>>> print(open('coords04.pdb').read())   # PDB, C-alpha atoms
MODEL        1
ATOM      1  CA  MET A 703     111.945 -51.918  36.753
ATOM      2  CA  ASP A 704     115.233 -51.253  35.026
ATOM      3  CA  ARG A 705     115.034 -52.573  31.429
ATOM      4  CA  TYR A 706     118.454 -54.217  31.552
ATOM      5  CA  LEU A 707     117.393 -56.201  34.611
ATOM      6  CA  ARG A 708     114.144 -57.298  32.969
ATOM      7  CA  LEU A 709     116.039 -58.508  29.908
ATOM      8  CA  GLY A 710     118.506 -60.432  32.010
ATOM      9  CA  ILE A 711     115.783 -62.112  34.035
ATOM     10  CA  VAL A 712     113.935 -63.447  31.025
ATOM     11  CA  PHE A 713     117.067 -64.621  29.182
ATOM     12  CA  PHE A 714     118.068 -66.669  32.205
ATOM     13  CA  VAL A 715     114.563 -68.022  32.741
ATOM     14  CA  ILE A 716     114.329 -69.241  29.160
ATOM     15  CA  ILE A 717     117.534 -71.250  29.251
ATOM     16  CA  VAL A 718     118.800 -71.768  32.778
ATOM     17  CA  GLY A 719     115.557 -71.506  34.667
ATOM     18  CA  PHE A 720     116.009 -75.127  35.516
ATOM     19  CA  ILE A 721     119.295 -74.673  37.385
ATOM     20  CA  VAL A 722     119.299 -74.797  41.179
ATOM     21  CA  PRO A 723     122.640 -75.261  42.955
ATOM     22  CA  VAL A 724     122.695 -77.982  45.581
ATOM     23  CA  PHE A 725     125.554 -78.037  48.023
ATOM     24  CA  SER A 726     126.147 -81.587  49.179
ATOM     25  CA  GLN A 727     128.223 -83.104  51.928
ATOM     26  CA  SER A 728     129.031 -86.127  49.734
ATOM     27  CA  SER A 729     132.707 -86.992  49.396
ATOM     28  CA  THR A 730     132.484 -86.904  45.589
ATOM     29  CA  VAL A 731     130.447 -84.049  44.192
ATOM     30  CA  LEU A 732     130.400 -83.526  40.438
ATOM     31  CA  ARG A 733     130.478 -79.752  39.861
ATOM     32  CA  VAL A 734     129.054 -78.879  36.431
ATOM     33  CA  SER A 735     128.865 -75.361  35.009
ATOM     34  CA  LEU A 736     126.234 -74.435  32.433
ATOM     35  CA  PRO A 737     125.944 -71.404  30.152
ATOM     36  CA  PRO A 738     122.614 -69.764  29.173
ATOM     37  CA  VAL A 739     122.346 -71.689  25.872
ATOM     38  CA  MET A 740     120.276 -74.612  24.575
ATOM     39  CA  GLY A 741     123.050 -77.108  25.239
ATOM     40  CA  ALA A 742     122.561 -76.608  28.974
ATOM     41  CA  VAL A 743     118.922 -77.722  29.041
ATOM     42  CA  PRO A 744     119.258 -81.555  29.322
ATOM     43  CA  ILE A 745     121.758 -81.404  32.192
ATOM     44  CA  ALA A 746     119.798 -78.685  33.981
ATOM     45  CA  LEU A 747     116.548 -80.633  33.696
ATOM     46  CA  ALA A 748     118.180 -83.917  34.701
ATOM     47  CA  HIS A 749     119.208 -82.139  37.869
ATOM     48  CA  ASN A 750     115.785 -80.567  38.412
ATOM     49  CA  TRP A 751     114.000 -83.891  37.918
ATOM     50  CA  GLY A 752     116.301 -85.690  40.360
ATOM     51  CA  LEU A 753     117.658 -87.991  37.671
ATOM     52  CA  PHE A 754     121.272 -87.634  38.755
ATOM     53  CA  ALA A 755     120.320 -88.604  42.302
ATOM     54  CA  LYS A 756     118.300 -91.511  40.904
ATOM     55  CA  HIS A 757     121.453 -92.786  39.168
ATOM     56  CA  GLY A 758     123.610 -92.247  42.238
ATOM     57  CA  VAL A 759     125.424 -89.092  41.127
ATOM     58  CA  ASP A 760     125.742 -86.088  43.433
ATOM     59  CA  VAL A 761     125.727 -83.105  41.067
ATOM     60  CA  GLN A 762     126.197 -79.434  41.887
ATOM     61  CA  VAL A 763     125.056 -77.231  38.983
ATOM     62  CA  VAL A 764     126.510 -73.744  38.594
ATOM     63  CA  GLY A 765     125.108 -71.227  36.107
ATOM     64  CA  LEU A 766     127.659 -68.896  34.499
ATOM     65  CA  SER A 767     126.912 -66.643  31.519
ATOM     66  CA  ASP A 768     130.501 -65.437  31.074
ATOM     67  CA  ASN A 769     132.456 -67.835  28.844
ATOM     68  CA  GLN A 770     135.818 -66.660  30.143
ATOM     69  CA  ALA A 771     134.790 -67.075  33.785
ATOM     70  CA  ARG A 772     133.547 -70.599  33.089
ATOM     71  CA  SER A 773     136.795 -71.593  31.376
ATOM     72  CA  LEU A 774     138.891 -70.128  34.169
ATOM     73  CA  ALA A 775     136.843 -72.023  36.751
ATOM     74  CA  LEU A 776     137.555 -75.286  34.934
ATOM     75  CA  MET A 777     141.238 -74.465  34.561
ATOM     76  CA  ALA A 778     141.487 -73.717  38.285
ATOM     77  CA  GLY A 779     139.719 -76.942  39.259
ATOM     78  CA  ASN A 780     136.747 -75.111  40.766
ATOM     79  CA  ILE A 781     134.415 -77.102  38.512
ATOM     80  CA  ASP A 782     134.813 -80.608  37.146
ATOM     81  CA  ALA A 783     132.850 -80.368  33.900
ATOM     82  CA  MET A 784     130.980 -77.898  31.739
ATOM     83  CA  VAL A 785     128.986 -77.395  28.583
ATOM     84  CA  CYS A 786     130.936 -75.211  26.160
ATOM     85  CA  ASP A 787     131.655 -74.562  22.485
ATOM     86  CA  LEU A 788     133.730 -77.056  20.547
ATOM     87  CA  THR A 789     136.133 -74.205  19.754
ATOM     88  CA  THR A 790     136.451 -73.416  23.468
ATOM     89  CA  ALA A 791     137.286 -77.030  24.254
ATOM     90  CA  VAL A 792     140.019 -77.121  21.599
ATOM     91  CA  LEU A 793     141.563 -73.870  22.816
ATOM     92  CA  LEU A 794     141.436 -74.953  26.465
ATOM     93  CA  TYR A 795     143.287 -78.135  25.565
ATOM     94  CA  THR A 796     145.918 -76.385  23.471
ATOM     95  CA  SER A 797     146.519 -73.918  26.310
ATOM     96  CA  GLY A 798     147.493 -76.806  28.569
ATOM     97  CA  THR A 799     144.260 -77.601  30.420
ATOM     98  CA  LYS A 800     143.905 -81.364  30.756
ATOM     99  CA  ILE A 801     140.358 -81.966  29.558
ATOM    100  CA  VAL A 802     138.495 -84.506  27.470
ATOM    101  CA  ILE A 803     135.414 -84.041  25.276
ATOM    102  CA  THR A 804     133.016 -86.738  26.461
ATOM    103  CA  SER A 805     130.095 -85.978  24.093
ATOM    104  CA  THR A 806     128.199 -83.446  22.061
ATOM    105  CA  ALA A 807     125.572 -81.384  23.898
ATOM    106  CA  TYR A 808     123.469 -79.614  21.227
ATOM    107  CA  THR A 809     123.804 -78.877  17.521
ATOM    108  CA  PRO A 810     121.704 -75.939  16.253
ATOM    109  CA  ALA A 811     119.671 -76.257  13.069
ATOM    110  CA  GLN A 812     121.134 -74.428  10.072
ATOM    111  CA  THR A 813     118.071 -72.268   9.482
ATOM    112  CA  GLY A 814     116.265 -70.342  12.186
ATOM    113  CA  SER A 815     118.359 -71.257  15.212
ATOM    114  CA  LEU A 816     121.205 -68.798  14.549
ATOM    115  CA  ALA A 817     121.001 -65.401  12.837
ATOM    116  CA  LEU A 818     122.841 -62.167  12.114
ATOM    117  CA  LEU A 819     120.546 -59.447  13.462
ATOM    118  CA  SER A 820     120.204 -55.668  13.600
ATOM    119  CA  GLN A 821     117.636 -53.132  14.805
ATOM    120  CA  SER A 822     115.514 -51.399  12.143
ATOM    121  CA  TYR A 823     116.330 -47.864  13.340
ATOM    122  CA  PHE A 824     119.931 -48.328  12.176
ATOM    123  CA  HIS A 825     118.598 -48.654   8.591
ATOM    124  CA  ILE A 826     120.870 -51.622   7.951
ATOM    125  CA  ASN A 827     119.103 -53.870   5.471
ATOM    126  CA  SER A 828     121.956 -55.958   4.093
ATOM    127  CA  ILE A 829     125.397 -57.222   5.027
ATOM    128  CA  PRO A 830     127.100 -54.613   2.777
ATOM    129  CA  ASP A 831     125.146 -51.907   4.653
ATOM    130  CA  LEU A 832     126.418 -53.356   7.900
ATOM    131  CA  LEU A 833     130.072 -53.668   6.861
ATOM    132  CA  SER A 834     130.094 -50.081   5.585
ATOM    133  CA  LYS A 835     129.105 -48.722   8.986
ATOM    134  CA  THR A 836     132.552 -48.730  10.557
ATOM    135  CA  GLN A 837     136.138 -48.019   9.584
ATOM    136  CA  PRO A 838     139.436 -49.289  11.059
ATOM    137  CA  GLY A 839     140.000 -47.740  14.462
ATOM    138  CA  SER A 840     136.312 -47.065  15.108
ATOM    139  CA  THR A 841     135.181 -47.648  18.689
ATOM    140  CA  LEU A 842     131.848 -49.068  17.484
ATOM    141  CA  LYS A 843     132.371 -52.186  15.375
ATOM    142  CA  SER A 844     129.864 -53.695  12.963
ATOM    143  CA  ILE A 845     129.101 -57.066  14.564
ATOM    144  CA  ALA A 846     129.103 -58.046  18.238
ATOM    145  CA  ILE A 847     130.106 -61.679  18.833
ATOM    146  CA  THR A 848     131.655 -63.891  21.471
ATOM    147  CA  PRO A 849     135.361 -64.400  20.677
ATOM    148  CA  MET A 850     137.110 -67.676  19.848
ATOM    149  CA  SER A 851     133.679 -69.306  19.879
ATOM    150  CA  ASN A 852     131.421 -71.449  17.730
ATOM    151  CA  ILE A 853     129.639 -68.229  16.790
ATOM    152  CA  GLU A 854     132.836 -66.649  15.478
ATOM    153  CA  TYR A 855     133.668 -69.825  13.554
ATOM    154  CA  ASP A 856     130.157 -70.032  12.101
ATOM    155  CA  LEU A 857     130.134 -66.321  11.188
ATOM    156  CA  ASP A 858     133.509 -66.575   9.460
ATOM    157  CA  ALA A 859     132.132 -69.542   7.477
ATOM    158  CA  LEU A 860     128.959 -67.646   6.578
ATOM    159  CA  MET A 861     130.825 -64.552   5.377
ATOM    160  CA  HIS A 862     133.183 -66.673   3.285
ATOM    161  CA  HIS A 863     130.194 -68.584   1.869
ATOM    162  CA  LEU A 864     128.483 -65.312   0.903
ATOM    163  CA  GLY A 865     131.652 -63.874  -0.629
ATOM    164  CA  TYR A 866     132.444 -61.156   1.919
ATOM    165  CA  LYS A 867     135.992 -60.509   3.070
ATOM    166  CA  ILE A 868     136.039 -59.804   6.785
ATOM    167  CA  ASN A 869     138.546 -57.683   8.662
ATOM    168  CA  PRO A 870     138.016 -58.745  12.292
ATOM    169  CA  ASP A 871     139.777 -55.639  13.625
ATOM    170  CA  LYS A 872     137.209 -53.487  11.844
ATOM    171  CA  ASP A 873     134.127 -55.650  11.670
ATOM    172  CA  TYR A 874     133.975 -57.622  14.946
ATOM    173  CA  SER A 875     133.610 -56.478  18.527
ATOM    174  CA  TYR A 876     134.213 -59.194  21.105
ATOM    175  CA  TRP A 877     132.086 -59.904  24.189
ATOM    176  CA  TYR A 878     132.628 -62.801  26.573
ATOM    177  CA  ASP A 879     129.043 -62.861  27.814
ATOM    178  CA  LEU A 880     126.311 -63.943  25.373
ATOM    179  CA  LEU A 881     123.624 -62.603  27.687
ATOM    180  CA  GLN A 882     125.301 -59.198  27.531
ATOM    181  CA  VAL A 883     125.489 -59.301  23.720
ATOM    182  CA  ALA A 884     121.772 -60.074  23.502
ATOM    183  CA  THR A 885     120.895 -57.318  25.939
ATOM    184  CA  PHE A 886     122.957 -54.687  24.165
ATOM    185  CA  LEU A 887     121.502 -55.620  20.787
ATOM    186  CA  SER A 888     118.016 -55.341  22.256
ATOM    187  CA  LEU A 889     118.864 -51.907  23.640
ATOM    188  CA  GLY A 890     120.364 -50.753  20.330
ATOM    189  CA  SER A 891     123.858 -50.358  21.778
ATOM    190  CA  VAL A 892     125.490 -52.387  18.981
ATOM    191  CA  TYR A 893     124.825 -52.236  15.234
ATOM    192  CA  ALA A 894     124.371 -55.994  14.877
ATOM    193  CA  ALA A 895     125.049 -59.299  16.580
ATOM    194  CA  VAL A 896     124.975 -63.018  15.906
ATOM    195  CA  LEU A 897     122.640 -64.729  18.355
ATOM    196  CA  PRO A 898     121.149 -68.202  18.733
ATOM    197  CA  GLU A 899     117.655 -69.139  19.724
ATOM    198  CA  PRO A 900     115.907 -68.465  22.032
ATOM    199  CA  TYR A 901     117.446 -64.967  22.114
ATOM    200  CA  ILE A 902     116.217 -64.260  18.564
ATOM    201  CA  THR A 903     112.573 -64.948  19.386
ATOM    202  CA  TYR A 904     112.804 -63.126  22.683
ATOM    203  CA  ILE A 905     114.180 -59.875  21.230
ATOM    204  CA  SER A 906     111.692 -60.083  18.360
ATOM    205  CA  ASN A 907     108.774 -60.196  20.798
ATOM    206  CA  TYR A 908     109.983 -57.966  23.628
ATOM    207  CA  PRO A 909     108.546 -54.394  23.600
ATOM    208  CA  SER A 910     110.879 -52.252  21.474
ATOM    209  CA  VAL A 911     113.129 -49.532  22.857
ATOM    210  CA  MET A 912     112.007 -47.217  20.050
ATOM    211  CA  LYS A 913     108.411 -47.016  18.817
ATOM    212  CA  ASN A 914     107.656 -49.172  15.761
ATOM    213  CA  SER A 915     111.178 -50.560  15.611
ATOM    214  CA  HIS A 916     111.727 -54.211  14.818
ATOM    215  CA  LEU A 917     114.496 -56.763  14.551
ATOM    216  CA  VAL A 918     116.035 -57.106  11.072
ATOM    217  CA  HIS A 919     117.301 -60.558  10.051
ATOM    218  CA  LEU A 920     120.318 -59.868   7.858
ATOM    219  CA  SER A 921     121.131 -63.546   7.351
ATOM    220  CA  ASP A 922     120.531 -66.989   8.732
ATOM    221  CA  PHE A 923     123.116 -69.758   8.412
ATOM    222  CA  ALA A 924     121.632 -71.957   5.705
ATOM    223  CA  GLY A 925     124.360 -74.015   4.048
ATOM    224  CA  ILE A 926     126.764 -73.699   6.993
ATOM    225  CA  ASP A 927     127.740 -76.823   8.937
ATOM    226  CA  LEU A 928     127.105 -75.353  12.393
ATOM    227  CA  LEU A 929     129.321 -76.529  15.225
ATOM    228  CA  PRO A 930     127.913 -78.357  18.251
ATOM    229  CA  SER A 931     128.330 -77.425  21.865
ATOM    230  CA  VAL A 932     130.059 -80.168  23.840
ATOM    231  CA  VAL A 933     130.426 -81.589  27.320
ATOM    232  CA  VAL A 934     133.973 -81.517  28.651
ATOM    233  CA  PHE A 935     135.405 -83.007  31.825
ATOM    234  CA  ARG A 936     138.686 -82.474  33.565
ATOM    235  CA  ARG A 937     140.646 -85.571  32.607
ATOM    236  CA  ASP A 938     141.738 -86.251  36.187
ATOM    237  CA  PHE A 939     138.079 -86.435  37.254
ATOM    238  CA  VAL A 940     137.260 -88.940  34.496
ATOM    239  CA  THR A 941     140.310 -91.028  35.417
ATOM    240  CA  ALA A 942     139.390 -91.068  39.102
ATOM    241  CA  HIS A 943     135.631 -91.555  38.720
ATOM    242  CA  PRO A 944     134.765 -93.316  35.442
ATOM    243  CA  ASP A 945     131.748 -95.100  36.933
ATOM    244  CA  LEU A 946     130.357 -91.805  38.199
ATOM    245  CA  VAL A 947     130.691 -90.250  34.735
ATOM    246  CA  MET A 948     128.956 -93.306  33.236
ATOM    247  CA  ARG A 949     126.031 -92.830  35.630
ATOM    248  CA  PHE A 950     125.982 -89.105  34.864
ATOM    249  CA  TYR A 951     125.412 -89.986  31.213
ATOM    250  CA  ALA A 952     122.693 -92.495  32.067
ATOM    251  CA  ALA A 953     120.801 -89.641  33.751
ATOM    252  CA  TYR A 954     121.607 -87.306  30.842
ATOM    253  CA  ARG A 955     120.133 -89.723  28.291
ATOM    254  CA  GLU A 956     117.036 -90.242  30.411
ATOM    255  CA  ALA A 957     116.567 -86.457  30.591
ATOM    256  CA  VAL A 958     116.783 -86.105  26.797
ATOM    257  CA  THR A 959     114.119 -88.780  26.316
ATOM    258  CA  ARG A 960     111.859 -87.098  28.872
ATOM    259  CA  ILE A 961     112.362 -83.607  27.383
ATOM    260  CA  ASN A 962     111.380 -84.828  23.927
ATOM    261  CA  SER A 963     108.111 -86.238  25.299
ATOM    262  CA  SER A 964     107.197 -83.173  27.413
ATOM    263  CA  THR A 965     105.237 -80.085  26.387
ATOM    264  CA  LYS A 966     106.764 -76.625  26.191
ATOM    265  CA  ASP A 967     104.534 -75.396  29.013
ATOM    266  CA  GLU A 968     105.634 -78.249  31.261
ATOM    267  CA  LEU A 969     109.302 -77.513  30.632
ATOM    268  CA  ILE A 970     109.068 -73.753  31.123
ATOM    269  CA  ALA A 971     106.896 -74.041  34.221
ATOM    270  CA  LEU A 972     109.600 -76.068  35.959
ATOM    271  CA  GLY A 973     112.156 -73.359  36.278
ATOM    272  CA  ILE A 974     110.855 -69.792  36.428
ATOM    273  CA  ASN A 975     110.919 -69.369  40.192
ATOM    274  CA  GLU A 976     114.232 -71.221  40.563
ATOM    275  CA  ALA A 977     115.930 -69.025  37.952
ATOM    276  CA  ILE A 978     114.849 -65.833  39.654
ATOM    277  CA  THR A 979     115.875 -67.189  43.044
ATOM    278  CA  LEU A 980     119.322 -68.166  41.735
ATOM    279  CA  PHE A 981     120.198 -65.143  39.609
ATOM    280  CA  PHE A 982     117.880 -62.352  40.808
ATOM    281  CA  PRO A 983     117.090 -62.840  44.525
ATOM    282  CA  GLY A 984     114.307 -60.665  45.878
ATOM    283  CA  LEU A 985     112.340 -60.587  42.608
ATOM    284  CA  ASN A 986     109.490 -62.808  41.448
ATOM    285  CA  LYS A 987     108.019 -64.100  38.206
ATOM    286  CA  ASP A 988     105.925 -60.921  37.817
ATOM    287  CA  ALA A 989     109.159 -59.385  36.451
ATOM    288  CA  ILE A 990     108.630 -61.423  33.259
ATOM    289  CA  PRO A 991     106.433 -59.592  30.703
ATOM    290  CA  PRO A 992     103.068 -61.361  30.270
ATOM    291  CA  GLY A 993     102.871 -63.658  27.256
ATOM    292  CA  ILE A 994     106.600 -63.427  26.475
ATOM    293  CA  MET A 995     106.957 -67.231  26.584
ATOM    294  CA  ASP A 996     104.171 -67.943  24.087
ATOM    295  CA  SER A 997     106.341 -67.603  20.956
ATOM    296  CA  PHE A 998     109.122 -69.954  21.999
ATOM    297  CA  THR A 999     109.717 -73.397  20.553
ATOM    298  CA  ILE A1000     111.581 -76.063  22.494
ATOM    299  CA  PRO A1001     113.790 -77.986  20.028
ATOM    300  CA  ARG A1002     114.063 -81.722  19.881
ATOM    301  CA  PHE A1003     117.295 -82.796  21.556
ATOM    302  CA  ALA A1004     119.557 -85.521  20.233
ATOM    303  CA  LEU A1005     121.145 -88.029  22.573
ATOM    304  CA  PRO A1006     124.771 -87.216  23.421
ATOM    305  CA  GLY A1007     127.109 -88.473  20.731
ATOM    306  CA  MET A1008     130.575 -88.023  19.298
ATOM    307  CA  VAL A1009     131.896 -84.868  17.619
ATOM    308  CA  SER A1010     132.395 -85.562  13.914
ATOM    309  CA  THR A1011     136.000 -86.014  12.847
ATOM    310  CA  ALA A1012     135.445 -83.642   9.907
ATOM    311  CA  GLN A1013     134.205 -80.804  12.123
ATOM    312  CA  PHE A1014     137.032 -81.406  14.565
ATOM    313  CA  ALA A1015     139.593 -81.129  11.746
ATOM    314  CA  ASP A1016     137.925 -77.949  10.462
ATOM    315  CA  VAL A1017     138.080 -76.348  13.914
ATOM    316  CA  ILE A1018     141.765 -77.198  14.293
ATOM    317  CA  ALA A1019     142.464 -75.611  10.906
ATOM    318  CA  TRP A1020     140.417 -72.531  11.850
ATOM    319  CA  VAL A1021     142.041 -71.855  15.240
ATOM    320  CA  ASN A1022     145.452 -72.138  13.583
ATOM    321  CA  ALA A1023     144.494 -69.874  10.680
ATOM    322  CA  LYS A1024     143.204 -67.294  13.179
ATOM    323  CA  ARG A1025     146.455 -67.701  15.146
ATOM    324  CA  TYR A1026     144.565 -68.511  18.319
ATOM    325  CA  THR A1027     146.936 -71.443  18.742
ATOM    326  CA  TRP A1028     149.804 -73.049  16.852
ATOM    327  CA  LYS A1029     149.143 -76.577  18.147
ATOM    328  CA  HIS A1030     147.433 -79.402  16.242
ATOM    329  CA  PRO A1031     145.920 -81.860  18.739
ATOM    330  CA  THR A1032     144.582 -85.094  17.298
ATOM    331  CA  TYR A1033     140.994 -86.262  17.578
ATOM    332  CA  GLU A1034     142.096 -89.212  19.719
ATOM    333  CA  GLU A1035     143.924 -86.925  22.161
ATOM    334  CA  LEU A1036     140.935 -84.760  22.915
ATOM    335  CA  THR A1037     137.869 -87.016  22.670
ATOM    336  CA  THR A1038     136.600 -90.267  24.154
ATOM    337  CA  ASN A1039     133.718 -92.493  23.101
ATOM    338  CA  ARG A1040     133.680 -94.265  26.460
ATOM    339  CA  PHE A1041     130.458 -92.695  27.715
ATOM    340  CA  VAL A1042     128.228 -92.495  24.640
ATOM    341  CA  LYS A1043     126.171 -95.313  23.184
TER
ENDMDL
END
>>> encode(input="coords04.pdb", output="structure tokens")
Amino acid sequence: MDRYLRLGIVFFVIIVGFIVPVFSQSSTVLRVSLPPVMGAVPIALAHNWGLFAKHGVDVQVVGLSDNQARSLALMAGNIDAMVCDLTTAVLLYTSGTKIVITSTAYTPAQTGSLALLSQSYFHINSIPDLLSKTQPGSTLKSIAITPMSNIEYDLDALMHHLGYKINPDKDYSYWYDLLQVATFLSLGSVYAAVLPEPYITYISNYPSVMKNSHLVHLSDFAGIDLLPSVVVFRRDFVTAHPDLVMRFYAAYREAVTRINSSTKDELIALGINEAITLFFPGLNKDAIPPGIMDSFTIPRFALPGMVSTAQFADVIAWVNAKRYTWKHPTYEELTTNRFVK
């Protein structure tokens, strides 16, 4: 089987294996889009376990790995809510999309859950080695990241913390699809990338492209206040259906409690066949390399809560400093505590 396809299958199984779209005839369907990241897991499992139906919410779950496509779908009204980066939510709002952040989704741990990575055959053993690889105008940049994202924010903070001056035009290459970034790093098509778990563990354990090669951890993010992913709704949906959103969160909280009391094997076993059916029709779970799931750790999930005011202020300052926007929305404009306990 084509290696790229194998990589894609397993990445989706790990994170969004629990997502199965259900097309309902109900008059009010809540359409939620999820990316292939940890923040998607509670909503995906709530759907798989029938918890939304139990709480009287008709949910259609849509898996999208492309951040830009997911944002455009929300802007166009093709979905009602999504899990996304805090930075994405701020930029959507400042671009004129009427949304509200209803809660946090997942906050990665500072050490181990996010890392700057390279392949050993590039002989890059430090950040200075990495930054010396390219020059302005080069077609191959040093670090592959998703743009205007939590990852870019966190990487900027890490580089500043470590004393490195970054030139984004020289040092960063931008990719809208995290799955694609992970695949290209695994194939050795980029010098380095910043990836979250479970991509780190997966690439570390997948058979190498080159014999005896291995993944080099150039840095973790110890000391960096990592940003959370968040749940955002179109504001018109929240205004029209507040009770439905309240019941959505009742199911969400129940899913988090159930996840934290389940075993890894139970959680993974739920979604393998569904993921392949959704994203790779015609294939089966034999496409997943034997034993590849053994090294993964399912994190403990926190109940949905509020974004911290300090992190919100830092993101606003960052998007303005990067000139991604000139607007300064207030915390009260963009968030609500109506649905968290």
>>> closest_residue(input="coords04.pdb", among="A:Ser834, A:Thr804, A:Thr730, A:Gln882", to="Thr848 (chain A)", atoms="all atoms listed in the file")
A:Gln882
>>> resolve_selection(input="coords04.pdb", expression="the PyMOL selection byres ((chain A and resi 798) around 12)", output="list in words")
Leu776, Met777, Ala778, Ala791, Val792, Leu793, Leu794, Tyr795, Thr796, Ser797, Thr799, Lys800, Ile801, Val802, Arg936, Arg937, Thr1027, Lys1029, Pro1031 and Leu1036 of chain A
>>> closest_residue(input="coords04.pdb", among="A:Trp1020, A:Phe998, A:Phe754, A:Phe1041", to="Asn852 (chain A)", atoms="only C-alpha atoms")
A:Trp1020
>>> atom_distance(input="coords04.pdb", atom1="CA of Ile868 (chain A)", atom2="CA of Leu897 (chain A)")
18.4 Å
>>> atom_distance(input="coords04.pdb", atom1="CA of Pro738 (chain A)", atom2="CA of Glu899 (chain A)")
10.7 Å
>>> closest_residue(input="coords04.pdb", among="A:Pro737, A:Pro900, A:Pro830, A:Gly758", to="Ala952 (chain A)", atoms="all atoms listed in the file")
A:Gly758
>>> resolve_selection(input="coords04.pdb", expression="the PyMOL selection byres ((chain A and resi 785) around 7)", output="count of residues only")
11
>>> closest_residue(input="coords04.pdb", among="A:Tyr876, A:Tyr823, A:Phe950, A:Phe886", to="Asp760 (chain A)", atoms="only C-alpha atoms")
A:Phe950
>>> residues_around(input="coords04.pdb", residues="Ala924 (chain A)", least_positions_apart="4", cutoff="9 Å", atoms="all atoms listed in the file", output="list in words")
Ala811, Gln812, Thr813, Gly814 and Leu860 of chain A
